[in-house]
Each structure stands twice: as C-alpha cells, then as structure tokens.
>>> print(open('query20.txt').read())   # compact mmCIF, C-alpha atoms
# COMPACT_ATOMS: atom_id res chain seq x y z
CA MET M 1 30.99 26.77 -26.91
CA THR M 2 28.98 23.70 -27.68
CA ALA M 3 25.22 24.14 -27.70
CA LEU M 4 23.29 21.95 -25.36
CA ALA M 5 21.48 19.06 -26.96
CA PRO M 6 17.74 19.74 -27.23
CA SER M 7 16.94 17.23 -24.51
CA LEU M 8 19.24 19.06 -22.10
CA SER M 9 18.32 22.63 -23.01
CA GLY M 10 14.71 22.40 -21.87
CA ARG M 11 12.86 20.54 -19.20
CA LEU M 12 14.14 17.03 -18.75
CA SER M 13 11.57 14.32 -19.00
CA LEU M 14 11.36 10.56 -18.76
CA HIS M 15 9.50 8.38 -21.20
CA GLY M 16 7.99 5.60 -19.14
CA VAL M 17 9.46 2.51 -17.53
CA ASP M 18 12.24 0.66 -19.33
CA HIS M 19 12.50 -2.06 -16.69
CA THR M 20 12.41 -2.71 -13.02
CA ALA M 21 14.46 -5.51 -11.52
CA ARG M 22 14.71 -7.63 -8.42
CA PRO M 23 16.67 -10.67 -7.30
CA THR M 24 15.41 -14.23 -7.41
CA TRP M 25 16.66 -17.48 -5.96
CA LYS M 26 13.94 -19.47 -7.77
CA LEU M 27 15.01 -19.50 -11.39
CA ARG M 28 12.70 -22.24 -12.68
CA GLU M 29 9.62 -21.07 -10.79
CA THR M 30 10.22 -17.47 -11.86
CA VAL M 31 10.61 -18.35 -15.52
CA GLU M 32 7.57 -20.60 -15.44
CA PHE M 33 5.48 -17.93 -13.72
CA TYR M 34 6.35 -14.95 -15.88
CA ARG M 35 6.80 -16.76 -19.22
CA ASP M 36 4.25 -19.56 -18.98
CA ILE M 37 1.58 -18.40 -16.55
CA LEU M 38 1.58 -14.68 -17.30
CA GLY M 39 2.67 -15.31 -20.87
CA LEU M 40 5.24 -12.51 -20.94
CA PRO M 41 7.86 -13.00 -23.64
CA LEU M 42 11.40 -13.67 -22.42
CA VAL M 43 13.16 -11.03 -24.51
CA HIS M 44 16.68 -10.67 -23.19
CA ALA M 45 19.20 -12.34 -20.94
CA ILE M 46 22.59 -11.09 -19.83
CA THR M 47 25.06 -13.54 -18.35
CA ALA M 48 28.22 -12.31 -16.74
CA LYS M 49 31.11 -13.20 -14.53
CA GLY M 50 30.22 -10.86 -11.74
CA TRP M 51 30.57 -7.25 -12.74
CA GLY M 52 34.31 -7.50 -12.43
CA ARG M 53 33.87 -6.47 -8.82
CA GLU M 54 36.35 -8.82 -7.24
CA LYS M 55 36.53 -6.93 -3.97
CA GLU M 56 32.81 -7.40 -3.45
CA GLN M 57 33.06 -11.07 -4.43
CA HIS M 58 30.18 -10.33 -6.78
CA ALA M 59 28.53 -13.59 -7.83
CA ASP M 60 28.26 -14.64 -11.43
CA PHE M 61 24.73 -14.04 -12.59
CA ILE M 62 21.95 -14.12 -15.14
CA HIS M 63 19.96 -10.92 -15.62
CA PHE M 64 16.83 -11.78 -17.61
CA PHE M 65 13.99 -9.69 -18.92
CA PHE M 66 10.30 -10.32 -19.63
CA GLU M 67 8.46 -7.83 -21.83
CA SER M 68 5.37 -6.46 -20.11
CA GLY M 69 3.91 -4.07 -22.65
CA ASN M 70 4.78 -0.68 -24.10
CA GLN M 71 8.40 -1.78 -24.38
CA SER M 72 8.73 -2.05 -20.63
CA CYS M 73 10.18 -5.10 -18.93
CA ILE M 74 10.20 -6.78 -15.58
CA ALA M 75 13.64 -8.21 -14.97
CA PHE M 76 15.40 -10.48 -12.50
CA PHE M 77 18.89 -11.21 -11.29
CA TYR M 78 19.76 -14.82 -10.49
CA TYR M 79 23.04 -14.91 -8.57
CA ILE M 80 24.55 -18.31 -9.24
CA GLY M 81 25.49 -20.39 -6.23
CA THR M 82 24.28 -17.91 -3.64
CA GLN M 83 21.79 -18.17 -0.81
CA GLN M 84 19.03 -15.63 -0.34
CA PRO M 85 20.07 -13.19 2.41
CA PRO M 86 17.43 -12.98 5.15
CA GLU M 87 17.00 -9.25 4.61
CA LEU M 88 15.90 -9.88 1.02
CA VAL M 89 13.14 -12.32 1.95
CA VAL M 90 9.87 -10.48 1.27
CA PRO M 91 8.27 -9.87 4.66
CA LYS M 92 4.64 -10.72 5.26
CA GLY M 93 2.23 -7.92 5.99
CA TYR M 94 0.92 -4.84 4.27
CA MET M 95 4.00 -2.66 4.56
CA ALA M 96 6.11 -4.85 2.29
CA MET M 97 3.28 -4.87 -0.25
CA ALA M 98 3.99 -1.20 -0.88
CA ASN M 99 6.92 -2.38 -2.97
CA HIS M 100 5.01 -3.76 -5.90
CA THR M 101 4.65 -3.73 -9.65
CA ALA M 102 1.33 -2.71 -11.23
CA TRP M 103 0.69 -3.39 -14.89
CA ARG M 104 -1.94 -1.57 -16.88
CA VAL M 105 -4.77 -3.03 -18.92
CA GLU M 106 -7.32 -0.96 -20.80
CA THR M 107 -10.72 -2.49 -20.06
CA GLU M 108 -12.75 -4.22 -17.38
CA ASP M 109 -13.05 -7.25 -19.68
CA GLU M 110 -9.27 -7.47 -19.89
CA LEU M 111 -8.97 -7.29 -16.13
CA LEU M 112 -11.56 -10.04 -15.77
CA ALA M 113 -9.74 -12.16 -18.35
CA TRP M 114 -6.48 -11.79 -16.43
CA GLN M 115 -8.20 -12.75 -13.19
CA LYS M 116 -9.65 -15.88 -14.81
CA ARG M 117 -6.37 -16.78 -16.50
CA LEU M 118 -4.42 -16.54 -13.25
CA GLU M 119 -7.04 -18.45 -11.28
CA GLY M 120 -7.08 -21.09 -14.01
CA LYS M 121 -3.33 -21.53 -13.57
CA GLY M 122 -3.70 -21.96 -9.83
CA VAL M 123 -2.63 -18.46 -8.77
CA ARG M 124 -4.49 -16.91 -5.84
CA VAL M 125 -5.96 -13.64 -7.05
CA SER M 126 -7.88 -10.96 -5.19
CA GLN M 127 -11.31 -9.73 -6.09
CA PHE M 128 -11.57 -6.47 -8.03
CA VAL M 129 -10.75 -3.47 -5.84
CA LYS M 130 -11.66 0.08 -6.84
CA HIS M 131 -9.26 2.76 -5.58
CA GLU M 132 -10.57 6.16 -6.66
CA ILE M 133 -9.10 6.25 -10.17
CA LEU M 134 -7.95 2.63 -10.47
CA GLU M 135 -9.53 -0.82 -10.39
CA SER M 136 -7.11 -3.63 -9.62
CA ILE M 137 -6.49 -7.28 -8.94
CA TYR M 138 -3.63 -8.41 -6.71
CA PHE M 139 -1.51 -11.55 -6.58
CA ARG M 140 2.04 -12.69 -5.85
CA ASP M 141 4.79 -14.32 -7.84
CA PRO M 142 6.77 -17.39 -6.68
CA ASN M 143 9.22 -15.09 -4.91
CA PHE M 144 6.30 -13.60 -2.93
CA TYR M 145 6.74 -10.29 -4.77
CA PRO M 146 3.42 -8.46 -4.85
CA LEU M 147 1.93 -7.84 -8.28
CA GLU M 148 -1.07 -5.88 -9.47
CA ILE M 149 -2.94 -5.55 -12.73
CA THR M 150 -4.96 -2.37 -12.94
CA ARG M 151 -7.13 -0.30 -15.23
CA ALA M 152 -7.70 3.41 -15.08
CA LEU M 153 -11.29 4.32 -14.23
CA ARG M 154 -10.76 7.82 -15.56
CA ASP M 155 -7.99 10.09 -16.77
CA MET M 156 -6.05 12.11 -14.22
CA GLU M 157 -6.96 15.78 -14.45
CA GLU M 158 -5.24 19.00 -13.39
CA LEU M 159 -7.56 19.00 -10.39
CA ASP M 160 -6.03 15.73 -9.21
CA ALA M 161 -2.55 17.23 -9.33
CA ALA M 162 -3.64 20.39 -7.53
CA ASP M 163 -5.33 18.29 -4.85
CA ALA M 164 -2.27 16.07 -4.52
CA LYS M 165 -0.10 19.14 -4.00
CA MET M 166 -2.27 20.34 -1.13
CA THR M 167 -2.28 16.87 0.41
CA ILE M 168 1.50 16.69 0.33
CA ASP M 169 1.96 20.30 1.49
CA ALA M 170 -0.28 19.60 4.48
CA ALA M 171 1.52 16.31 5.15
CA LEU M 172 4.94 17.95 5.06
CA THR M 173 3.78 20.52 7.59
CA LEU M 174 2.62 17.74 9.89
CA GLU M 175 5.76 15.68 9.41
CA ASP M 176 7.85 18.70 10.36
CA SER M 177 5.87 18.97 13.61
CA GLY M 178 7.13 15.58 14.76
CA ARG M 179 3.73 14.93 16.32
CA TRP M 180 1.80 13.53 13.40
CA THR M 181 0.06 10.26 14.23
CA ASN M 182 -3.10 9.83 12.15
CA ILE M 183 -4.99 10.65 8.97
CA GLU M 184 -7.57 12.81 10.75
CA GLN M 185 -4.82 15.32 11.52
CA LEU M 186 -3.94 15.41 7.83
CA TRP M 187 -7.54 15.89 6.75
CA ARG M 188 -7.97 18.72 9.24
CA ALA M 189 -4.70 20.37 8.23
CA LYS M 190 -5.58 20.04 4.56
CA ALA M 191 -8.92 21.75 5.13
CA ASP M 192 -7.00 24.95 5.91
CA PHE M 193 -5.24 24.74 2.54
CA VAL M 194 -8.50 24.09 0.69
CA GLN M 195 -10.29 26.87 2.57
CA LYS M 196 -7.58 29.33 1.54
CA LEU M 197 -7.86 28.15 -2.08
CA LEU M 198 -11.59 28.77 -2.03
CA GLN M 199 -11.18 32.18 -0.40
CA ASP M 200 -8.62 33.16 -3.03
CA ALA M 201 -10.94 31.91 -5.79
CA ALA M 202 -13.82 33.91 -4.34
CA ALA M 203 -11.67 37.04 -4.04
CA ALA M 204 -10.44 36.64 -7.62
CA SER M 205 -13.97 36.29 -8.96
CA ALA M 206 -15.12 39.34 -6.95
CA SER M 207 -12.36 41.60 -8.26
CA MET R 1 -18.97 26.33 10.78
CA SER R 2 -18.21 22.62 10.54
CA GLY R 3 -18.04 20.56 7.43
CA PHE R 4 -15.88 18.64 5.02
CA TYR R 5 -14.66 19.14 1.50
CA VAL R 6 -15.29 16.82 -1.42
CA LEU R 7 -13.22 16.92 -4.58
CA ASP R 8 -15.45 17.32 -7.62
CA VAL R 9 -14.56 14.01 -9.28
CA PRO R 10 -16.78 11.05 -10.16
CA GLU R 11 -15.55 8.64 -7.49
CA PHE R 12 -16.65 10.97 -4.67
CA ALA R 13 -19.93 12.06 -6.27
CA PRO R 14 -21.89 9.35 -4.36
CA LEU R 15 -20.82 11.00 -1.11
CA VAL R 16 -22.24 14.32 -2.29
CA ARG R 17 -25.52 12.65 -3.27
CA ALA R 18 -25.76 11.05 0.18
CA ALA R 19 -25.09 14.42 1.82
CA GLU R 20 -27.81 16.03 -0.29
CA GLN R 21 -30.27 13.55 1.20
CA HIS R 22 -28.97 14.04 4.75
CA GLU R 23 -31.19 16.30 6.82
CA ARG R 24 -28.26 17.80 8.79
CA CYS R 25 -26.00 18.49 5.81
CA ARG R 26 -25.95 21.49 3.51
CA VAL R 27 -24.18 21.00 0.22
CA HIS R 28 -22.44 24.07 -1.17
CA PRO R 29 -21.71 24.66 -4.87
CA VAL R 30 -18.39 23.65 -6.39
CA ILE R 31 -15.67 26.29 -6.17
CA ALA R 32 -12.23 25.68 -7.65
CA GLY R 33 -12.92 21.95 -7.84
CA TYR R 34 -14.11 21.53 -4.26
CA ARG R 35 -17.51 21.27 -2.70
CA TYR R 36 -18.02 22.16 0.95
CA ILE R 37 -20.52 20.05 2.86
CA GLU R 38 -21.58 21.86 5.98
CA PHE R 39 -23.12 20.05 8.94
CA ASP R 40 -24.79 20.96 12.23
CA GLY R 41 -23.85 19.22 15.45
CA GLU R 42 -22.82 15.60 15.33
CA ILE R 43 -23.82 13.77 12.18
CA GLU R 44 -23.66 10.20 11.02
CA ILE R 45 -23.33 9.15 7.41
CA LYS R 46 -23.92 5.49 6.71
CA ARG R 47 -21.84 3.91 3.98
CA ASP R 48 -24.82 2.12 2.46
CA THR R 49 -26.38 5.52 1.70
CA THR R 50 -23.34 6.36 -0.42
CA GLY R 51 -22.81 3.08 -2.24
CA LEU R 52 -19.06 3.58 -1.88
CA GLY R 53 -16.74 0.58 -1.76
CA GLU R 54 -14.50 0.35 1.27
CA ALA R 55 -11.35 1.45 -0.55
CA VAL R 56 -12.88 4.82 -1.42
CA TRP R 57 -15.02 5.06 1.74
CA PHE R 58 -12.00 5.03 4.03
CA GLY R 59 -10.55 7.94 2.08
CA CYS R 60 -13.73 9.91 1.71
CA LEU R 61 -12.50 12.89 3.77
CA THR R 62 -9.30 13.25 1.79
CA ALA R 63 -10.24 16.72 0.55
CA GLY R 64 -10.27 18.11 4.09
CA LEU R 65 -12.23 18.12 7.34
CA ASP R 66 -13.46 21.09 9.39
CA GLY R 67 -14.45 19.09 12.43
CA LYS R 68 -13.45 15.86 14.09
CA ILE R 69 -14.13 12.19 13.59
CA THR R 70 -15.88 10.59 16.53
CA SER R 71 -16.31 7.20 14.85
CA PHE R 72 -15.22 5.72 11.53
CA THR R 73 -16.09 2.14 10.64
CA SER R 74 -16.85 0.33 7.42
CA ASP R 75 -20.54 0.94 8.12
CA ALA R 76 -20.66 4.60 9.10
CA ILE R 77 -18.77 7.75 9.91
CA LYS R 78 -19.65 10.16 12.71
CA LEU R 79 -18.40 13.74 12.56
CA ALA R 80 -18.71 16.54 15.08
CA PRO R 81 -17.63 20.17 15.45
CA THR R 82 -14.38 20.79 17.28
CA ASN R 83 -12.22 23.58 18.59
CA GLU R 84 -9.39 21.24 19.50
CA PRO R 85 -6.03 21.97 17.82
CA VAL R 86 -5.11 19.63 14.99
CA LEU R 87 -2.12 18.21 16.82
CA GLY R 88 -3.68 18.25 20.27
CA VAL R 89 -2.27 20.14 23.20
>>> encode(input="query20.txt", output="structure tokens")
Amino acid sequence: MTALAPSLSGRLSLHGVDHTARPTWKLRETVEFYRDILGLPLVHAITAKGWGREKEQHADFIHFFFESGNQSCIAFFYYIGTQQPPELVVPKGYMAMANHTAWRVETEDELLAWQKRLEGKGVRVSQFVKHEILESIYFRDPNFYPLEITRALRDMEELDAADAKMTIDAALTLEDSGRWTNIEQLWRAKADFVQKLLQDAAAASAS
Amino acid sequence: MSGFYVLDVPEFAPLVRAAEQHERCRVHPVIAGYRYIEFDGEIEIKRDTTGLGEAVWFGCLTAGLDGKITSFTSDAIKLAPTNEPVLGV
C-alpha cells in the first residue's frame, strides 16, 4: 500500500491566493489600468482556441495575468469577438460591491501613496475607511469591478476567531428560523452565546 | 439585567471609555475576552463621546445585546431593557 504524501496525510492547507480571474470586454482599458495606472507587471498570457469545447461554442480567448504581490495575480479573460452578456455587467449598488478584490499594503504611508497615485491618474478614490481591523481605500477598474487597497490595523487574534464563531453560530440559528430580518436580532441572539461563555468561564475559575 | 457586551480589542476600547463616563452605565471587568456593560432604564450614548468612526460605530454592538435598540443613528444609540422575544411573537 502506498503511503499518503505528507500533504495528504495531515490537515490540508492552502498557501494564499494564486490568482483570481474575471472576464473583460475592454482589453485596452484593462491593460492600461492594471499595467500603467496601478503599475502591476503583466507576467503571463495564455492564448487559446477555445478550450476545445466545440459544443459550447467556446470563444477563442486571451487569459492574462498581472502580478499583485506575494506571487499572487489578478487575471482576466478576453473572449475574442464576443459581446458582454447582460448578466455579467457589474450592477450598481452596494450588493455587487461585495464581489471585490482587496490588496494588502503594510503601512498608512503606503495607503496614502496609493490614494495619491490613483487620484493623480484620474481615478476616483474613496477617503480612508477604518473597519475594525482594516483601513481601506476603494475604487473601481474600467470594467466597474470594485477594488480595495487595505492595511491591517492589528493582527487577528484567537479572540477574533472565537468571537466570529459565536457570531456565525448565532446567525445560523436565526437563519434556520426563517424569520430573521435585522442585525438587532443577531446581536440579541449572540448575547446568549456570550453569556454562556462567561458563565462557563466563571464556573471553571471557581472549580 | 440589561446591557451589552464589548469584545476586548483596541477598536472597541473607545466605547468602553465612553461607557465608563456614562452615569447610567456600569462597566464590568473583562472575562474570557468580553466586557459586560450594564445599564439602567433607557440610555443614550452619543457617538461623539466615543470618537468612533461610522464604520465601527454601526457595528458597536456586535459582541451581543441584552436589551433592545430604540434608536440608532450616526449621532447616537438609544438602548432599553426588553422582555420581548428575539424574533418577535
């Protein structure tokens, strides 16, 4: 019997983002934005006659990659001779912004430098926004894809993970009820989880 | 008893400091990473007493609420005791 490879014998893990990808119907604007405005190196391009998927009438395409730090890439597919399907037009409004890419920088000065660089190139950029453990700026690419550059305000601790677990456990309970409509219900439901945690901690310290 | 929990992390510390200055709040010690802030009757906490930005302010009860929200704007939050079930009746 063949022994399992080390990576398969223990806990499987991932090692960060290799690339994410999305379609574009604006080849020139996309290249100019990512390569020239953001200054991300164009590091790879695949060109192919479909994927050999004749039944799907798969378009011929270019799949091109920009390096965005730590060996990760943001990539695009340009399907030659096709029109953008309406369902792939990025909708306006906050819900579609959930589907975004956030790149990391290390310092506030770097974040400020990115904001100035983008503004200097004519890109509309948000003010700095602090979200608990992150501080970010937001902007969009020529395809209207939402982008973010962010810096960590602190490291994530075990406490954050424990708190996240209680948040999600409470949320799952509410989702199962079919009657969940607002965040106040979640905060009230979560209080029960936190109260039990504190009672257990008190009991443990008393024993 | 009515109150709310605050996770013991830097971004929510300004909320604890504001509660310490609030005459109707009683701030409990941290246990297992959480601080309970007890209040009597209906209370109002103004955002400018916390110094929190809006992004954190609108999530400031994320650690849990024993009570109900009677008003929540960018300027202030009002909390009150409740016996109503979480999901209503």
>>> residues_around(input="query20.txt", residues="range 50-59 of chain R", least_positions_apart="4", cutoff="10 Å", atoms="all atoms listed in the file", output="number ranges by chain")
M: 129-133, 183, 187; R: 11-19, 45-46, 63, 72-77
>>> atom_distance(input="query20.txt", atom1="CA of Lys165 in chain M", atom2="CA of Ala32 in chain R")
14.3 Å
>>> closest_atom_pairs(input="query20.txt", of="range 108-174 of chain M", to="range 70-79 of chain M", cutoff="12 Å", atoms="all atoms listed in the file", output="Markdown table")
| residue | atom | partner | partner_atom | distance |
| --- | --- | --- | --- | --- |
| M:Asn143 | CA | M:Phe76 | CA | 10.8 |
| M:Tyr145 | CA | M:Phe76 | CA | 11.6 |
| M:Leu147 | CA | M:Ile74 | CA | 11.1 |
>>> closest_atom_pairs(input="query20.txt", of="chain M", to="chain R", cutoff="10 Å", atoms="only C-alpha atoms", output="JSON lines")
{"residue": "M:Val129", "atom": "CA", "partner": "R:Ala55", "partner_atom": "CA", "distance": 7.2}
{"residue": "M:Lys130", "atom": "CA", "partner": "R:Ala55", "partner_atom": "CA", "distance": 6.4}
{"residue": "M:His131", "atom": "CA", "partner": "R:Ala55", "partner_atom": "CA", "distance": 5.6}
{"residue": "M:Glu132", "atom": "CA", "partner": "R:Glu11", "partner_atom": "CA", "distance": 5.6}
{"residue": "M:Ile133", "atom": "CA", "partner": "R:Glu11", "partner_atom": "CA", "distance": 7.4}
{"residue": "M:Leu153", "atom": "CA", "partner": "R:Glu11", "partner_atom": "CA", "distance": 9.1}
{"residue": "M:Arg154", "atom": "CA", "partner": "R:Pro10", "partner_atom": "CA", "distance": 8.7}
{"residue": "M:Glu157", "atom": "CA", "partner": "R:Val9", "partner_atom": "CA", "distance": 9.4}
{"residue": "M:Glu158", "atom": "CA", "partner": "R:Gly33", "partner_atom": "CA", "distance": 9.9}
{"residue": "M:Leu159", "atom": "CA", "partner": "R:Gly33", "partner_atom": "CA", "distance": 6.6}
{"residue": "M:Asp160", "atom": "CA", "partner": "R:Leu7", "partner_atom": "CA", "distance": 8.6}
{"residue": "M:Ala162", "atom": "CA", "partner": "R:Gly33", "partner_atom": "CA", "distance": 9.4}
{"residue": "M:Asp163", "atom": "CA", "partner": "R:Ala63", "partner_atom": "CA", "distance": 7.5}
{"residue": "M:Ala164", "atom": "CA", "partner": "R:Ala63", "partner_atom": "CA", "distance": 9.5}
{"residue": "M:Met166", "atom": "CA", "partner": "R:Ala63", "partner_atom": "CA", "distance": 8.9}
{"residue": "M:Thr167", "atom": "CA", "partner": "R:Ala63", "partner_atom": "CA", "distance": 8.0}
{"residue": "M:Leu174", "atom": "CA", "partner": "R:Leu87", "partner_atom": "CA", "distance": 8.4}
{"residue": "M:Ser177", "atom": "CA", "partner": "R:Leu87", "partner_atom": "CA", "distance": 8.6}
{"residue": "M:Gly178", "atom": "CA", "partner": "R:Leu87", "partner_atom": "CA", "distance": 9.8}
{"residue": "M:Arg179", "atom": "CA", "partner": "R:Leu87", "partner_atom": "CA", "distance": 6.7}
{"residue": "M:Trp180", "atom": "CA", "partner": "R:Leu87", "partner_atom": "CA", "distance": 7.0}
{"residue": "M:Thr181", "atom": "CA", "partner": "R:Leu87", "partner_atom": "CA", "distance": 8.6}
{"residue": "M:Asn182", "atom": "CA", "partner": "R:Leu87", "partner_atom": "CA", "distance": 9.6}
{"residue": "M:Ile183", "atom": "CA", "partner": "R:Thr62", "partner_atom": "CA", "distance": 8.8}
{"residue": "M:Glu184", "atom": "CA", "partner": "R:Ile69", "partner_atom": "CA", "distance": 7.2}
{"residue": "M:Gln185", "atom": "CA", "partner": "R:Val86", "partner_atom": "CA", "distance": 5.5}
{"residue": "M:Leu186", "atom": "CA", "partner": "R:Gly64", "partner_atom": "CA", "distance": 7.8}
{"residue": "M:Trp187", "atom": "CA", "partner": "R:Gly64", "partner_atom": "CA", "distance": 4.4}
{"residue": "M:Arg188", "atom": "CA", "partner": "R:Leu65", "partner_atom": "CA", "distance": 4.7}
{"residue": "M:Ala189", "atom": "CA", "partner": "R:Val86", "partner_atom": "CA", "distance": 6.8}
{"residue": "M:Lys190", "atom": "CA", "partner": "R:Gly64", "partner_atom": "CA", "distance": 5.1}
{"residue": "M:Ala191", "atom": "CA", "partner": "R:Gly64", "partner_atom": "CA", "distance": 4.0}
{"residue": "M:Asp192", "atom": "CA", "partner": "R:Gly64", "partner_atom": "CA", "distance": 7.8}
{"residue": "M:Phe193", "atom": "CA", "partner": "R:Gly64", "partner_atom": "CA", "distance": 8.5}
{"residue": "M:Val194", "atom": "CA", "partner": "R:Gly64", "partner_atom": "CA", "distance": 7.1}
{"residue": "M:Gln195", "atom": "CA", "partner": "R:Gly64", "partner_atom": "CA", "distance": 8.9}
{"residue": "M:Leu197", "atom": "CA", "partner": "R:Ala32", "partner_atom": "CA", "distance": 7.5}
{"residue": "M:Leu198", "atom": "CA", "partner": "R:Ile31", "partner_atom": "CA", "distance": 6.3}
{"residue": "M:Gln199", "atom": "CA", "partner": "R:Ile31", "partner_atom": "CA", "distance": 9.4}
{"residue": "M:Asp200", "atom": "CA", "partner": "R:Ala32", "partner_atom": "CA", "distance": 9.5}
{"residue": "M:Ala201", "atom": "CA", "partner": "R:Ala32", "partner_atom": "CA", "distance": 6.6}
{"residue": "M:Ala202", "atom": "CA", "partner": "R:Ile31", "partner_atom": "CA", "distance": 8.1}
>>> residues_near_point(input="query20.txt", point="(-18.8, 25.6, 18.1)", cutoff="12 Å", atoms="all atoms listed in the file", output="list in words")
Met1, Ser2, Gly3, Phe39, Asp40, Gly41, Glu42, Asp66, Gly67, Lys68, Ala80, Pro81, Thr82, Asn83 and Glu84 of chain R
>>> closest_residue(input="query20.txt", among="M:Trp25, M:Trp114, M:Tyr138, M:Phe64", to="Val43 in chain M", atoms="only C-alpha atoms")
M:Phe64
>>> closest_residue(input="query20.txt", among="M:Thr173, M:Gln115, M:Thr107, M:Thr47", to="Arg151 in chain M", atoms="only C-alpha atoms")
M:Thr107
>>> atom_distance(input="query20.txt", atom1="CA of Ile168 in chain M", atom2="CA of Ala98 in chain M")
18.1 Å
>>> closest_residue(input="query20.txt", among="M:Pro86, M:Arg117, M:Gly81, M:Val17", to="His58 in chain M", atoms="only C-alpha atoms")
M:Gly81
>>> atom_distance(input="query20.txt", atom1="CA of Thr70 in chain R", atom2="CA of Arg47 in chain R")
15.4 Å
>>> residues_around(input="query20.txt", residues="Lys121 in chain M", least_positions_apart="2", cutoff="12 Å", atoms="all atoms listed in the file", output="PDB file with C-alpha atoms, in the coordinates of the input")
ATOM      1  CA  GLU M  32       7.570 -20.600 -15.440  1.00  0.00           C
ATOM      2  CA  PHE M  33       5.480 -17.930 -13.720  1.00  0.00           C
ATOM      3  CA  TYR M  34       6.350 -14.950 -15.880  1.00  0.00           C
ATOM      4  CA  ASP M  36       4.250 -19.560 -18.980  1.00  0.00           C
ATOM      5  CA  ILE M  37       1.580 -18.400 -16.550  1.00  0.00           C
ATOM      6  CA  LEU M  38       1.580 -14.680 -17.300  1.00  0.00           C
ATOM      7  CA  GLY M  39       2.670 -15.310 -20.870  1.00  0.00           C
ATOM      8  CA  TRP M 114      -6.480 -11.790 -16.430  1.00  0.00           C
ATOM      9  CA  GLN M 115      -8.200 -12.750 -13.190  1.00  0.00           C
ATOM     10  CA  LYS M 116      -9.650 -15.880 -14.810  1.00  0.00           C
ATOM     11  CA  ARG M 117      -6.370 -16.780 -16.500  1.00  0.00           C
ATOM     12  CA  LEU M 118      -4.420 -16.540 -13.250  1.00  0.00           C
ATOM     13  CA  GLU M 119      -7.040 -18.450 -11.280  1.00  0.00           C
ATOM     14  CA  VAL M 123      -2.630 -18.460  -8.770  1.00  0.00           C
ATOM     15  CA  ARG M 124      -4.490 -16.910  -5.840  1.00  0.00           C
ATOM     16  CA  VAL M 125      -5.960 -13.640  -7.050  1.00  0.00           C
TER      17      VAL M 125
END
>>> residues_around(input="query20.txt", residues="Gln84 in chain M", least_positions_apart="2", cutoff="9 Å", atoms="only C-alpha atoms", output="PyMOL selection string")
chain M and resi 23-25+82+86-89
>>> axis_aligned_box(input="query20.txt", around="range 57-63 of chain R", padding_each_side="5 Å", output="lines of an AutoDock Vina configuration file")
center_x = -12.2
center_y = 10.9
center_z = 2.3
size_x = 15.7
size_y = 21.7
size_z = 13.5
